[in-house]
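Chemist: What follows is a single structure, and I will ask about it in a moment.
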Amino acid sequence: MSSPELAKIPRHLAVIMDGNGRWARRRGMPRIMGHRQGVKAVRQTVTACRELGIEVLTLYAFSKENWNRPKDEVTALMDLLYEYLERELNEMLKNGIRLEAIGEIDQLPQKVQEKLAAVMESTSSNKEMILNLALSYGGRAEIARAVQKIAQKCVAGEIRPEEIDENLVASHLDTAGLPDPDLIIRTSGEMRLSNFLLFQSAYSELYITSTLWPDFDRQELMKALKEFERRERRFGRIGRSFAQACTAIAS
Ligand code: FPP
């Protein structure tokens with residue numbers, strides 16, 4: 001599916017939502033106010049992505065490293081997540097959004113785990129878009145868990161070591177069944193992946209904006225998608241225009 005506004009859109013868009021703390025600090029507010037405003041940006045982004053026909057939207061909502069933040073900030077983030085799930089269920093049902101989650105979900109507070117499971121179950125047959133939340137997520141840990149699962153199958157005689165290839169590894173990651181992200185957006189100007197989708201991002205286009213996450217909106221999303229539209233993805237091959245020039249010279 002493609003949007004009339006864009007000639008091509010990513011099937012899978014992943015976002016590193018960064019800058020909530022700085023947004024709040026610049027206004028002399030507590031960090032939690034930045035996270036609250038960040039939830040508004042989440043709502044706008046989810047709506048815009050569904051309207052544009054994006055198939056999968058993955059949001060890096062809480063990393064494994066985020067557990068090291070002050071306890072009150074962690075609690076506030078978990079409360080915001082719970083409230084978001086509770087408030088958005090009807091909207092997800094109305095708009096055909098299926099909720100999924102990746103990461104160490106069993107590390108989340110019991111109440112959040114239960115809410116997450118309930119929303120995932122209620123939205124499981126929705127077909128318009130997958131909203132995939134990365135929670136207590138770390139890319140290296142995800143790969144290590146996949147290796148463990150594969151090793152257990154080897155020990156049990158279900159697979160032979162020589163059968164292990166990239167596809168087999170991918171099928172044991174939390175994202176099994178989802179396409180790799182075509183585009184990763186990071187807000188707040190930091191130029192790194194911060195342990196996000198390390199295996200899956202091998203050929204993802206990266207778009208970094210200095211805009212802080214709470215200020216991210218449909219207009220900012222369109223800027224990123226316009227830039228993606230202009231990029232030529234080569235997956236290690238030579239460029240199309242270069243290949244055409246070579247063919248012209250050879251003929
Ligand atoms: C990074 O900003 C953001 C986070 C660690 C949390 C992101 C969470 C939300 C946007 C709200 C909850 C999410 C959902 C899906 C309801 P930062 O605090 O690291 O910002 P800083 O680098 O400026 O300090």
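Residue numbering restarts at 1 for every chain of the structure tokens, chains are lettered A, B, ... in their displayed order, and ligands are numbered from 1 as they appear.
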Find the residues of range 77-184 of chain A that sit at most 6 Å from range 204-214 of chain A; for each, write down the nearest two atoms and how far apart they are in Å, to one decimal. Count only C-alpha atoms. Sort by chain, then by number going up, and give it as CSV.
Modeler:
```
residue,atom,partner,partner_atom,distance
A:Pro181,CA,A:Ser204,CA,5.8
A:Asp182,CA,A:Ser204,CA,4.7
A:Leu183,CA,A:Glu205,CA,4.7
A:Ile184,CA,A:Leu206,CA,5.0
```
Chemist: Select the residues contacting ligand 1 at a distance of at most 9 Å, based on only C-alpha atoms and all ligand atoms, then format the selection as a ChimeraX atom specification.
Modeler: /A:16-25,31-32,34-43,59-63,66,77-85,133-135,188,190,212-214
Chemist: I'd like to know which of A:Arg233, A:Arg186, A:Lys223, A:Lys149 is closest to Val15 in chain A, using only C-alpha atoms.
Modeler: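 Using only C-alpha atoms, the shortest distance to Val15 in chain A belongs to A:Arg186.
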Chemist: Which residues in range 37-246 of chain A does DSSP call alpha helix (DSSP H)? List them as a PyMOL selection string.
Modeler: chain A and resi 37-52+71-94+110-122+139-155+166-170+218-230+240-246
Chemist: Report, in Å to a single decimal, how far apart CA of Thr187 in chain A and CA of Met92 in chain A are.
Modeler: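 Separation between CA of Met92 in chain A and CA of Thr187 in chain A: 24.6 Å.
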Chemist: If we count only C-alpha atoms, what is near Ile143 in chain A at a cut-off of 10 Å, once residues fewer than 4 positions away on the same chain are taken out, given as a ChimeraX atom specification?
Modeler: /A:138-139,147-149,169-170,172-174,197-199
Chemist: Could the residues in this selection be written to a file with C-alpha atoms, as a compact mmCIF listing (two decimals), in the first residue's frame?
Modeler:
```txt
# COMPACT_ATOMS: atom_id res chain seq x y z
CA GLY A 138 18.09 -4.51 24.12
CA GLY A 139 19.33 -5.71 20.73
CA VAL A 147 21.19 -18.04 20.21
CA GLN A 148 20.06 -19.78 23.42
CA LYS A 149 16.83 -20.97 21.78
CA VAL A 169 18.52 -16.59 13.44
CA ALA A 170 15.94 -14.01 12.30
CA HIS A 172 14.27 -16.79 16.62
CA LEU A 173 14.39 -13.04 17.29
CA ASP A 174 11.53 -11.23 19.03
CA LEU A 197 17.22 -3.70 16.41
CA LEU A 198 20.92 -4.50 15.85
CA PHE A 199 20.39 -7.59 13.69
```
Chemist: Please extract the residues of range 1-108 of chain A with a backbone DSSP assignment of strand (DSSP E or B) and present them as a PyMOL selection string.
Modeler: chain A and resi 12-16+56-63+97-102
Chemist: Rank nothing, just name the residue among A:Ala202, A:Ile105, A:Met129, A:Val155 nearest to Arg11 in chain A, using only C-alpha atoms.
Modeler: A:Met129
Chemist: Pick out the closest residue to Leu93 in chain A from this set: A:Asp106, A:Glu121, A:Glu65, A:Glu73. Count only C-alpha atoms.
Modeler: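 The closest residue to Leu93 in chain A is A:Glu121.
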Chemist: Hey, can you check how far CA of Asn126 in chain A sits from CA of Gly96 in chain A?
Modeler: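 So the answer is 4.6 Å.
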Chemist: So how many Å separate CA of Ala141 in chain A and CA of Pro70 in chain A, to one decimal?
Modeler: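 CA of Pro70 in chain A lies 22.2 Å from CA of Ala141 in chain A.
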Chemist: For Thr175 in chain A, which residue among A:Ile150, A:Val119, A:Ala144, A:Ile102 is the nearest when counting only C-alpha atoms?
Modeler: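 Among A:Ile150, A:Val119, A:Ala144, A:Ile102, it is A:Ile102 that comes nearest to Thr175 in chain A.
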Chemist: Looking at A:Glu91, A:Asp165, A:Asp217, A:Glu86, which one is nearest to Thr45 in chain A, with distances taken over only C-alpha atoms?
Modeler: A:Asp217
Chemist: Restricting the calculation to only C-alpha atoms, which member of A:Lys94, A:Ala156, A:Leu225, A:Trp67 is positioned closest to Glu5 in chain A?
Modeler: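 Of all the options, A:Leu225 lies closest to Glu5 in chain A.
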